[in-house]
Each structure stands twice: as structure tokens, then as C-alpha cells.
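Participant: data-v4.cif is reproduced in full below (mmCIF, C-alpha atoms and all ligand atoms).
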data_structure
loop_
_atom_site.label_atom_id
_atom_site.label_comp_id
_atom_site.auth_asym_id
_atom_site.auth_seq_id
_atom_site.Cartn_x
_atom_site.Cartn_y
_atom_site.Cartn_z
CA MET U 1 0.00 0.00 0.00
CA ALA U 2 1.71 3.12 -1.21
CA GLU U 3 0.93 6.67 -0.21
CA SER U 4 1.88 9.84 -1.96
CA GLN U 5 0.66 13.05 -3.50
CA LEU U 6 0.41 11.66 -7.05
CA GLU U 7 -1.64 13.74 -9.47
CA THR U 8 -2.70 10.87 -11.68
CA TYR U 9 -2.49 7.11 -12.03
CA GLU U 10 -1.91 4.40 -14.63
CA MET U 11 -3.92 1.23 -15.18
CA GLU U 12 -2.68 -2.22 -16.15
CA LEU U 13 -4.57 -5.28 -17.38
CA VAL U 14 -3.13 -8.35 -15.63
CA PRO U 15 -3.48 -12.14 -15.81
CA CYS U 16 -5.24 -13.89 -12.93
CA THR U 17 -3.26 -13.35 -9.74
CA LEU U 18 -4.02 -16.87 -8.54
CA CYS U 19 -3.60 -19.13 -11.61
CA GLY U 20 -2.16 -16.91 -14.37
CA GLY U 21 -5.25 -17.43 -16.54
CA GLU U 22 -6.11 -14.75 -19.09
CA SER U 23 -9.79 -15.39 -19.74
CA PHE U 24 -12.27 -13.50 -17.55
CA THR U 25 -15.98 -12.86 -17.15
CA ASP U 26 -17.20 -9.46 -15.93
CA CYS U 27 -18.64 -9.50 -12.41
CA ILE U 28 -19.07 -5.79 -11.69
CA THR U 29 -18.60 -2.96 -14.15
CA GLY U 30 -18.43 0.79 -13.71
CA ALA U 31 -17.74 0.74 -9.95
CA LYS U 32 -16.48 3.99 -8.46
CA ASP U 33 -14.21 4.99 -5.60
CA LEU U 34 -16.85 5.59 -2.89
CA TYR U 35 -14.33 6.43 -0.14
CA ASN U 36 -12.46 9.40 -1.53
CA HIS U 37 -14.67 10.05 -4.57
CA LEU U 38 -11.69 10.20 -6.91
CA ASN U 39 -12.40 9.92 -10.61
CA GLY U 40 -12.43 6.70 -12.62
CA GLU U 41 -14.64 3.65 -13.11
CA PHE U 42 -13.41 0.16 -12.34
CA ASN U 43 -14.29 -3.37 -13.36
CA VAL U 44 -14.16 -6.51 -11.27
CA MET U 45 -13.69 -9.78 -13.15
CA ARG U 46 -13.83 -13.49 -12.37
CA CYS U 47 -11.17 -15.80 -13.78
CA ASP U 48 -12.78 -18.43 -16.04
CA ASN U 49 -10.23 -21.02 -14.95
CA CYS U 50 -10.08 -20.75 -11.13
CA ASP U 51 -12.95 -18.40 -10.14
CA PHE U 52 -10.60 -15.91 -8.50
CA VAL U 53 -12.07 -12.38 -8.59
CA LEU U 54 -9.88 -9.34 -9.16
CA THR U 55 -10.07 -5.65 -10.02
CA ASN U 56 -8.91 -5.62 -13.63
CA PRO U 57 -7.54 -3.44 -15.11
CA ARG U 58 -6.04 -2.13 -11.87
CA PRO U 59 -3.86 0.84 -10.87
CA THR U 60 -0.15 0.03 -11.18
CA ARG U 61 1.95 -0.53 -8.09
CA GLU U 62 3.84 2.71 -8.82
CA THR U 63 0.74 4.90 -9.10
CA ILE U 64 -1.88 3.37 -6.77
CA GLY U 65 -0.80 5.90 -4.12
CA TYR U 66 -3.15 8.31 -5.94
CA PHE U 67 -6.03 6.43 -4.30
CA TYR U 68 -4.56 6.68 -0.77
CA PRO U 69 -4.68 10.46 -0.42
CA ASP U 70 -5.66 10.67 3.24
CA SER U 71 -4.42 7.57 4.94
CA THR U 72 -2.99 9.40 7.96
CA GLY U 73 -6.54 9.86 9.29
CA TYR U 74 -6.97 6.12 9.22
CA TYR U 75 -4.34 5.66 11.89
CA GLN U 76 -5.78 7.82 14.64
CA PRO U 77 -4.99 5.93 17.83
CA GLU U 78 -7.76 5.21 20.35
CA THR U 79 -7.65 4.19 23.98
CA ILE U 80 -6.94 0.56 24.81
CA THR U 81 -9.29 -0.49 27.63
CA PRO U 82 -7.51 -1.48 30.85
CA LYS U 83 -7.75 -5.18 31.74
CA THR U 84 -9.81 -5.00 34.90
CA THR U 85 -13.38 -5.83 33.92
CA MET U 86 -15.13 -9.16 34.62
CA LYS U 87 -15.40 -9.69 30.86
CA GLU U 88 -11.64 -9.41 30.61
CA ARG U 89 -11.07 -11.79 33.54
CA ILE U 90 -13.30 -14.39 31.88
CA LEU U 91 -11.44 -13.96 28.61
CA GLN U 92 -8.05 -14.37 30.29
CA SER U 93 -9.25 -17.47 32.13
CA LEU U 94 -10.50 -19.04 28.89
CA LEU U 95 -7.21 -18.31 27.15
CA ALA U 96 -5.40 -19.95 30.08
CA ASN U 97 -7.69 -22.99 30.38
CA ARG U 98 -8.18 -23.74 26.71
CA HIS U 99 -5.12 -22.38 24.91
CA GLY U 100 -2.27 -22.54 27.43
CA TYR U 101 -1.78 -18.79 27.95
CA GLN U 102 -0.06 -17.91 31.25
CA LEU U 103 -2.87 -15.78 32.64
CA PRO U 104 -4.98 -15.85 35.84
CA ARG U 105 -7.70 -18.55 35.89
CA LEU U 106 -11.25 -18.40 37.26
CA PRO U 107 -13.06 -21.48 38.63
CA LYS U 108 -13.74 -24.02 35.85
CA ILE U 109 -17.51 -23.62 36.31
CA VAL U 110 -17.27 -20.11 34.77
CA ASP U 111 -15.57 -21.55 31.70
CA ALA U 112 -18.26 -24.24 31.46
CA LEU U 113 -21.08 -21.70 31.69
CA VAL U 114 -19.88 -19.00 29.29
CA GLY U 115 -17.12 -20.67 27.31
CA TRP U 116 -19.22 -21.43 24.24
CA TYR U 117 -19.87 -17.71 23.76
CA TRP U 118 -16.41 -16.43 24.53
CA HIS U 119 -14.64 -19.05 22.51
CA THR U 120 -16.18 -17.61 19.34
CA LYS U 121 -15.35 -14.14 20.59
CA ILE U 122 -11.70 -15.04 21.18
CA ARG U 123 -11.30 -16.27 17.63
CA LEU U 124 -13.06 -13.24 16.21
CA ASN U 125 -10.65 -11.07 18.13
CA HIS U 126 -7.82 -12.75 16.26
CA PHE U 127 -6.22 -14.47 19.21
CA PRO U 128 -3.80 -17.25 18.30
CA ASP U 129 -5.31 -20.40 19.77
CA PHE U 130 -2.09 -21.47 21.47
CA TRP U 131 0.64 -19.86 23.53
CA ARG U 132 4.24 -20.87 24.18
CA PRO U 133 7.01 -19.30 26.26
CA GLU U 134 8.86 -16.63 24.25
CA ALA U 135 6.50 -17.11 21.30
CA ARG U 136 6.95 -14.51 18.55
CA LEU U 137 4.01 -12.88 16.79
CA MET U 138 4.23 -10.71 13.64
CA ASP U 139 1.43 -8.33 12.62
CA ILE U 140 1.76 -7.23 8.98
CA GLY U 141 0.06 -3.86 8.41
CA CYS U 142 -0.06 -3.25 12.16
CA ALA U 143 -1.19 0.42 11.88
CA TRP U 144 -0.50 2.22 15.18
CA GLY U 145 -0.03 -1.03 17.07
CA ARG U 146 -3.34 -1.71 18.81
CA TYR U 147 -3.38 -5.47 18.17
CA LEU U 148 0.31 -5.82 19.02
CA LYS U 149 -0.04 -3.89 22.28
CA ILE U 150 -2.96 -6.11 23.31
CA MET U 151 -1.11 -9.30 22.36
CA GLN U 152 1.99 -8.12 24.23
CA GLY U 153 -0.23 -7.90 27.29
CA TYR U 154 -1.15 -11.57 26.81
CA GLY U 155 2.47 -12.64 26.81
CA TRP U 156 3.55 -12.52 23.16
CA ASP U 157 6.90 -11.19 21.90
CA VAL U 158 5.45 -8.84 19.29
CA HIS U 159 6.82 -7.60 15.94
CA GLY U 160 5.14 -5.44 13.32
CA LEU U 161 5.39 -4.01 9.81
CA GLU U 162 3.56 -0.86 8.78
CA PHE U 163 3.82 1.39 5.74
CA ASN U 164 2.70 4.62 7.39
CA GLN U 165 5.66 6.30 9.13
CA GLN U 166 3.46 8.32 11.49
CA ALA U 167 1.78 5.13 12.71
CA VAL U 168 5.18 3.42 13.12
CA ASP U 169 6.46 6.36 15.20
CA TYR U 170 3.40 6.15 17.45
CA ALA U 171 3.76 2.39 17.94
CA ARG U 172 7.46 2.71 18.76
CA ASN U 173 7.55 5.91 20.79
CA GLU U 174 4.17 6.03 22.52
CA LEU U 175 3.44 2.32 22.96
CA GLY U 176 7.06 1.17 23.31
CA LEU U 177 6.71 -1.44 20.56
CA THR U 178 10.37 -1.42 19.58
CA ASN U 179 10.08 -4.22 17.01
CA VAL U 180 7.71 -2.33 14.71
CA ARG U 181 9.41 -1.46 11.41
CA GLN U 182 8.41 0.83 8.55
CA GLY U 183 7.68 -0.92 5.25
CA MET U 184 6.10 -4.11 4.00
CA LEU U 185 7.25 -7.69 3.42
CA GLU U 186 9.39 -6.84 0.41
CA ASP U 187 11.39 -4.29 2.45
CA HIS U 188 12.60 -6.57 5.25
CA ALA U 189 14.08 -10.04 5.58
CA TYR U 190 13.16 -12.43 8.37
CA ASP U 191 14.69 -15.85 8.93
CA ASP U 192 12.63 -18.84 7.86
CA GLY U 193 10.63 -20.22 10.76
CA PHE U 194 11.24 -17.09 12.88
CA PHE U 195 7.62 -16.56 13.98
CA ASP U 196 5.12 -18.70 15.85
CA VAL U 197 2.25 -16.62 14.47
CA VAL U 198 1.80 -14.22 11.56
CA HIS U 199 -1.33 -12.06 11.63
CA MET U 200 -2.50 -9.88 8.74
CA SER U 201 -5.88 -8.18 8.91
CA MET U 202 -7.52 -6.53 5.88
CA VAL U 203 -4.23 -6.24 3.95
CA LEU U 204 -4.11 -9.15 1.49
CA GLU U 205 -6.86 -7.68 -0.68
CA HIS U 206 -4.71 -4.56 -1.24
CA LEU U 207 -1.57 -6.32 -2.49
CA HIS U 208 -0.45 -6.44 -6.13
CA GLU U 209 1.25 -9.81 -5.54
CA PRO U 210 -0.81 -11.58 -2.86
CA GLN U 211 0.67 -15.01 -3.62
CA ASP U 212 4.23 -13.73 -3.12
CA ALA U 213 3.17 -12.32 0.25
CA LEU U 214 1.50 -15.59 1.30
CA ALA U 215 4.55 -17.59 0.20
CA LYS U 216 6.80 -15.35 2.33
CA ILE U 217 4.44 -15.70 5.29
CA ALA U 218 4.47 -19.50 4.87
CA ARG U 219 8.28 -19.43 5.09
CA MET U 220 8.31 -17.04 8.05
CA ILE U 221 6.30 -19.29 10.38
CA LYS U 222 7.62 -22.29 12.31
CA PRO U 223 6.59 -25.78 11.11
CA ASP U 224 3.90 -25.79 13.82
CA GLY U 225 3.10 -22.08 13.53
CA GLN U 226 -0.19 -20.38 12.74
CA VAL U 227 -1.31 -17.79 10.20
CA ILE U 228 -4.36 -15.59 10.93
CA LEU U 229 -5.72 -13.56 8.00
CA SER U 230 -8.82 -11.42 7.51
CA VAL U 231 -10.32 -10.33 4.17
CA PRO U 232 -13.73 -9.25 2.83
CA ASN U 233 -15.93 -12.07 1.51
CA PHE U 234 -16.91 -11.58 -2.14
CA ALA U 235 -19.35 -14.49 -1.83
CA SER U 236 -21.35 -12.55 0.76
CA TYR U 237 -25.02 -11.61 0.73
CA GLU U 238 -23.96 -7.97 1.06
CA ARG U 239 -21.95 -8.11 -2.15
CA GLU U 240 -24.81 -9.76 -4.05
CA LYS U 241 -27.38 -7.34 -2.70
CA PHE U 242 -25.39 -4.10 -3.07
CA ASP U 243 -23.06 -5.06 -5.94
CA ARG U 244 -20.94 -2.04 -6.95
CA TYR U 245 -22.11 -0.20 -3.80
CA TRP U 246 -20.95 -2.94 -1.41
CA TYR U 247 -18.97 -1.18 1.32
CA ALA U 248 -16.09 -3.68 1.36
CA LEU U 249 -15.69 -3.70 -2.44
CA HIS U 250 -13.54 -0.58 -2.04
CA VAL U 251 -12.24 -0.33 -5.57
CA PRO U 252 -9.72 0.42 -6.84
CA VAL U 253 -7.54 -0.13 -3.76
CA HIS U 254 -8.96 -3.60 -3.17
CA LEU U 255 -7.30 -5.52 -5.98
CA ASN U 256 -8.13 -9.06 -4.84
CA HIS U 257 -11.65 -10.18 -3.91
CA PHE U 258 -11.55 -13.51 -2.07
CA THR U 259 -14.29 -16.04 -1.44
CA PRO U 260 -13.93 -18.89 1.07
CA VAL U 261 -13.10 -21.20 -1.86
CA THR U 262 -10.44 -19.02 -3.50
CA LEU U 263 -8.94 -18.09 -0.12
CA ARG U 264 -8.44 -21.79 0.68
CA GLN U 265 -6.92 -22.27 -2.79
CA ALA U 266 -4.57 -19.27 -2.39
CA LEU U 267 -3.29 -20.74 0.89
CA ASP U 268 -3.02 -24.24 -0.53
CA ASP U 269 -0.87 -23.00 -3.43
CA VAL U 270 1.84 -21.78 -1.01
CA GLY U 271 1.84 -24.83 1.25
CA LEU U 272 -0.66 -23.62 3.85
CA ARG U 273 -3.90 -25.31 4.91
CA ALA U 274 -6.94 -23.42 6.14
CA THR U 275 -8.00 -25.06 9.40
CA ARG U 276 -11.03 -22.86 10.02
CA ILE U 277 -12.80 -19.88 8.49
CA ILE U 278 -14.71 -17.62 10.85
CA HIS U 279 -17.39 -15.41 9.33
CA HIS U 280 -17.75 -12.06 11.11
CA LYS U 281 -20.99 -10.75 12.55
CA THR U 282 -20.48 -7.13 11.50
CA ASP U 283 -23.68 -5.11 11.04
CA ARG U 284 -22.02 -1.77 10.26
CA ASP U 285 -21.04 -2.72 6.70
CA ILE U 286 -24.65 -3.36 5.65
CA ILE U 287 -25.69 0.10 6.86
CA ASN U 288 -22.74 1.67 5.04
CA SER U 289 -23.56 -0.28 1.87
CA ALA U 290 -27.16 1.00 1.94
CA ARG U 291 -25.80 4.53 2.29
CA ASN U 292 -23.34 3.97 -0.59
CA ALA U 293 -26.27 2.89 -2.75
CA GLY U 294 -28.00 6.19 -1.98
CA ASN U 295 -30.71 4.45 0.06
CA GLU U 296 -30.66 6.76 3.08
CA ARG U 297 -34.11 5.57 4.14
CA LEU U 298 -32.97 1.96 4.46
CA ALA U 299 -29.76 3.10 6.20
CA SER U 300 -31.78 5.09 8.79
CA ILE U 301 -34.20 2.20 9.40
CA LEU U 302 -31.28 -0.22 9.90
CA LYS U 303 -29.54 2.23 12.24
CA CYS U 304 -32.62 2.69 14.43
CA SER U 305 -31.59 0.93 17.63
CA PRO U 306 -34.32 -1.75 18.08
CA VAL U 307 -34.01 -2.73 14.42
CA ARG U 308 -30.22 -2.78 14.57
CA ASN U 309 -29.91 -4.44 17.98
CA ILE U 310 -32.43 -7.18 17.35
CA LEU U 311 -33.35 -7.72 13.70
CA LEU U 312 -30.16 -6.70 11.91
CA ARG U 313 -27.90 -8.51 14.39
CA ALA U 314 -30.00 -11.67 14.12
CA PHE U 315 -29.86 -11.41 10.33
CA VAL U 316 -26.09 -10.92 10.31
CA SER U 317 -25.63 -13.87 12.71
CA MET U 318 -27.66 -16.03 10.33
CA LEU U 319 -25.49 -14.89 7.41
CA ALA U 320 -22.31 -15.64 9.40
CA ARG U 321 -23.54 -19.16 10.22
CA ARG U 322 -24.05 -19.76 6.50
CA GLY U 323 -20.67 -18.29 5.51
CA ARG U 324 -22.38 -15.37 3.78
CA SER U 325 -21.40 -12.37 5.91
CA GLY U 326 -19.16 -9.62 4.52
CA ARG U 327 -15.83 -10.34 6.24
CA MET U 328 -13.98 -13.48 7.23
CA THR U 329 -10.94 -14.58 9.22
CA VAL U 330 -9.02 -17.71 8.31
CA TYR U 331 -6.73 -19.69 10.61
CA ALA U 332 -4.12 -21.67 8.69
CA CYS U 333 -1.16 -23.93 9.36
CA LYS U 334 1.58 -25.53 7.27
CA LYS U 335 0.48 -28.55 5.27
ZN ZN N 1 -7.43 -17.87 -12.19
#
Let's see the structure in the file written out as C-alpha cells.
Ligand SMILES: [Zn+2]

Facilitator:
Amino acid sequence: MAESQLETYEMELVPCTLCGGESFTDCITGAKDLYNHLNGEFNVMRCDNCDFVLTNPRPTRETIGYFYPDSTGYYQPETITPKTTMKERILQSLLANRHGYQLPRLPKIVDALVGWYWHTKIRLNHFPDFWRPEARLMDIGCAWGRYLKIMQGYGWDVHGLEFNQQAVDYARNELGLTNVRQGMLEDHAYDDGFFDVVHMSMVLEHLHEPQDALAKIARMIKPDGQVILSVPNFASYEREKFDRYWYALHVPVHLNHFTPVTLRQALDDVGLRATRIIHHKTDRDIINSARNAGNERLASILKCSPVRNILLRAFVSMLARRGRSGRMTVYACKK
């Protein structure tokens, strides 16, 4: 993800990022940049050979910075809640009882009573589901370091990569995360098998060479390490319903549009195996998609608290159970 003050951009037509195929079928045409309202219309195509979906043509690596004009605002730090609440104590106890974290435990009865709920929550919060002494965790695209700071509190030796220098400075100077470096995977070398866990949230869809990144990540983890990735789900109800107005389509900076099937394939191709895909229960994206589509009335109805708290949440939970919600997290290991 580049950033700059570019005045224009160049487009390139590329073969399928996943299989190299050159025959495509249009999925979405004439989609616009609905975040920054910059000019241009973009097409999203499906590869006829492997079903991978990509923005094509796409802005070149050298000029895509044109579409990241205001990324500093994205990195505004927020407060990290102190770990004193009962919710937090239950979470810590579950991590200790079920995943071997060295954290205070509550009586087992608490785990038995609420574990089913919190176990889902833990995974959605991107916790590795194991812990080892001196275990190293890398967060690629770590922004200002929120996830790393939280994971450090749970006993991980944390490392990060982030493109935005201002965010790197905050992570290093304000949060004391000394192992956060500026740049992306291509800018730094790590020994093979250096990390127990590599985490990368909402980054893969932005990369010009996602398979190169996944291959590097596969080499970076230990033989028994874990990869945790989040991406939007192109096979979601929201995408079908809102099409070019789908909030997480985010063209042209989202270059790769994964489905559960193509995400598993992308991992498989670099020697990783998806062990579980978790579908998020996010209601905000549906409201934003309605607004993108110019349907303010629907957006206001959905935002109205009884509708949102009961109906919309129940609907999104149903979509998540069926693998049809708008975002997903995959846990993967080496094959
Ligand atoms: Zn393909």
C-alpha cells in the first residue's frame, strides 16, 4: 500500500493473480471509488479457470498511491481499555484454560457456563489459539499497534510491519513497541521459521502480488506455527445485494476479492492449509452499503436501535452461520 501526492495514475490489465489465466468474465462494471470520490470507473472480473475475482484493469503498483490520499486519518490511535473488567477476567481465564496462555484462571464452572460464547469471541478477536514461552508474533500492516499492544499484554513477543511512518512512530515511541518497522514484506528479511504466528488483517486484498506475500508468510512461520488472515468475503449476501455499492468492495484499492473457496486455494498454493474460516458478525457494513447505494431511508431504518440491535444482528448472525457475511478470518497452518 503506497501513499503519496500523485496527481494521476496508470492502469494495467493483468493475468489472474491466482492461476495466471487470461480469460475473464465481468462481475461488476463501472464501480467507483466511494471512499475518496476520486475519478475513474473500475471493473471486477472473475477468472474463467479458477474463479478468483480481481479488479482488472487495476492501478499500477507505482501509481496506486493516488487512491490513498488521506491515509494518515486512518491511523488515529484510540484508547486501549484497561484489563480489569469481569469480561476481561473471563477472557483471560478461557485463554489460560483452553489455549495454554499464562494468565490468571477463574473457577472451571465459569468456563463451562460462558465458554461457548467467549470461545467464538476469542477467535473473532484474532487471538492465536495457542501460547508458548517466548512465542513470537508478527502483525503485517499493524497500523499504530493496537493489536500488538494487546497481544503483548497476553504474553507474546510482538513484531510489526507498517507502511505509514506516522503510525510506526506512534507504535514505537508512545506504545514502546520497539520491534515495529516501517515498510512491507518486500522491504525486510526475516529468517525462515522465525515466527510462531503471523497475523495480517484486511491487507491481502490490497496487495499487487498476494501469492508472493502468502509464500513469504508461509516461510516465516515455524513448522507448527499459525497464520491468521482477515479479508472481505466476495461471496457474501452484502456483495450480491449491493453489488458495486458494497462497502467492502472498495475499488480500486482492493485488488483481490476472495471467497472462502479461493482463499483456501490461495493458501493451498503456497503450502498452507486453512484449518477454520470464521465469518464475522459485522452489522455496520450493511448500513454503510445502503448509504453507498444512496438508500438513506434503508440506512436510517437499519440504524434505528431496536431494528439494529435485534433484527439486523439476528440477520447478520444467520449470514455468518451460513458463511455469507461480509468479512472473514481464516486460521491456517503448514500442510
Ligand atoms: Zn485464475

Participant: Which residues are near ligand ZN 1 (chain N) - at most 8 Å, using only C-alpha atoms and all ligand atoms? Format: as a PyMOL selection string.

Facilitator: chain U and resi 15-22+46-52

Participant: So which one's closest to Gly30 (chain U), U:Ile277, U:Leu13, U:Leu267, U:Val44? Using only C-alpha atoms, please.

Facilitator: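 Using only C-alpha atoms, the shortest distance to Gly30 (chain U) belongs to U:Val44.
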
Participant: Pick the closest to Gly183 (chain U) from U:Thr60, U:Ile140, U:Met202, U:Cys333: which is it, counting all atoms listed in the file?

Facilitator: U:Ile140

Participant: Restricting the calculation to only C-alpha atoms: of U:Gln92, U:Ser325, U:Thr25, U:Thr63, which residue gets closest to Met151 (chain U)?

Facilitator: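 The closest residue to Met151 (chain U) is U:Gln92.
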
Participant: Which is closest to Asn43 (chain U) among U:Pro252, U:Gly294, U:Pro260, U:Gly115, if we use all atoms listed in the file?

Facilitator: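 Checking each candidate against Asn43 (chain U), we get U:Pro252 as the closest.
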
Participant: For a cutoff of 10 Å around the file-coordinate point (-13.4, -2.2, -5.4), which residues qualify once you count only C-alpha atoms? I'd like the result as a list in words.

Facilitator: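 Protein, DNA and RNA residues close to (-13.4, -2.2, -5.4): Ile28, Ala31, Lys32, Asp33, Leu34, Glu41, Phe42, Asn43, Val44, Leu54, Thr55, Asn56, Arg58, Glu205, His206, Arg244, Tyr245, Trp246, Tyr247, Ala248, Leu249, His250, Val251, Pro252, Val253, His254, Leu255, Asn256 and His257 of chain U.
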
Participant: Which is closer to Arg273 (chain U) than all the others in U:Phe242, U:Tyr237, U:Tyr331, U:Tyr154, using only C-alpha atoms?

Facilitator: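 Of the candidates, the smallest distance to Arg273 (chain U) is held by U:Tyr331.
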
Participant: What does the structure give for the distance between CA of Ile278 (chain U) and CA of Ala167 (chain U), in Å to one decimal?

Facilitator: 28.2 Å

Participant: Determine, using all atoms listed in the file, which residues of region 197-293 of chain U have any atom at most 10 Å from an atom of region 157-166 of chain U, and tabulate each with its shortest atom pair and distance in Å to one decimal place, rows ordered by chain and then rising number, as CSV.

Facilitator:
residue,atom,partner,partner_atom,distance
U:Val197,CA,U:Val158,CA,9.7
U:Val198,CA,U:His159,CA,9.4
U:His199,CA,U:Gly160,CA,9.4
U:Met200,CA,U:Leu161,CA,9.9

Participant: Mind pulling up the distance from CA of Ser201 (chain U) to CA of Glu62 (chain U)?

Facilitator: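 We find that CA of Glu62 (chain U) and CA of Ser201 (chain U) lie 23.0 Å from each other.
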
Participant: Could you tell me which of U:Val203, U:Val168, U:Leu177, U:Ile287 comes closest to Leu148 (chain U) if we count only C-alpha atoms?

Facilitator: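 Closest to Leu148 (chain U) of all the choices is U:Leu177.
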
Participant: One number please: CA of Ser300 (chain U) to CA of Ile286 (chain U), in Å, one decimal.

Facilitator: 11.5 Å

Participant: Which residues, protein or nucleic acid, reach to within 10 Å of (0.7, -15.5, 31.3) in the file's coordinates when using only C-alpha atoms, and can you give that as a ChimeraX atom specification?

Facilitator: /U:92,95-96,100-104,131-133,153-156

Participant: Go ahead and save the picked residues with C-alpha atoms, as a PDB file, in the coordinates of the input.

Facilitator:
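As a result, selection-v4.pdb now contains:
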ATOM      1  CA  GLN U  92      -8.050 -14.370  30.290  1.00  0.00           C
ATOM      2  CA  LEU U  95      -7.210 -18.310  27.150  1.00  0.00           C
ATOM      3  CA  ALA U  96      -5.400 -19.950  30.080  1.00  0.00           C
ATOM      4  CA  GLY U 100      -2.270 -22.540  27.430  1.00  0.00           C
ATOM      5  CA  TYR U 101      -1.780 -18.790  27.950  1.00  0.00           C
ATOM      6  CA  GLN U 102      -0.060 -17.910  31.250  1.00  0.00           C
ATOM      7  CA  LEU U 103      -2.870 -15.780  32.640  1.00  0.00           C
ATOM      8  CA  PRO U 104      -4.980 -15.850  35.840  1.00  0.00           C
ATOM      9  CA  TRP U 131       0.640 -19.860  23.530  1.00  0.00           C
ATOM     10  CA  ARG U 132       4.240 -20.870  24.180  1.00  0.00           C
ATOM     11  CA  PRO U 133       7.010 -19.300  26.260  1.00  0.00           C
ATOM     12  CA  GLY U 153      -0.230  -7.900  27.290  1.00  0.00           C
ATOM     13  CA  TYR U 154      -1.150 -11.570  26.810  1.00  0.00           C
ATOM     14  CA  GLY U 155       2.470 -12.640  26.810  1.00  0.00           C
ATOM     15  CA  TRP U 156       3.550 -12.520  23.160  1.00  0.00           C
TER      16      TRP U 156
END

Participant: Excluding Thr120 (chain U) and any residue of its chain fewer than 3 positions from it, enumerate the residues within 12 Å of it, using all atoms listed in the file, and give them as a PyMOL selection string.

Facilitator: chain U and resi 91+94-95+114-117+123-127+129+276-281+320-321+329
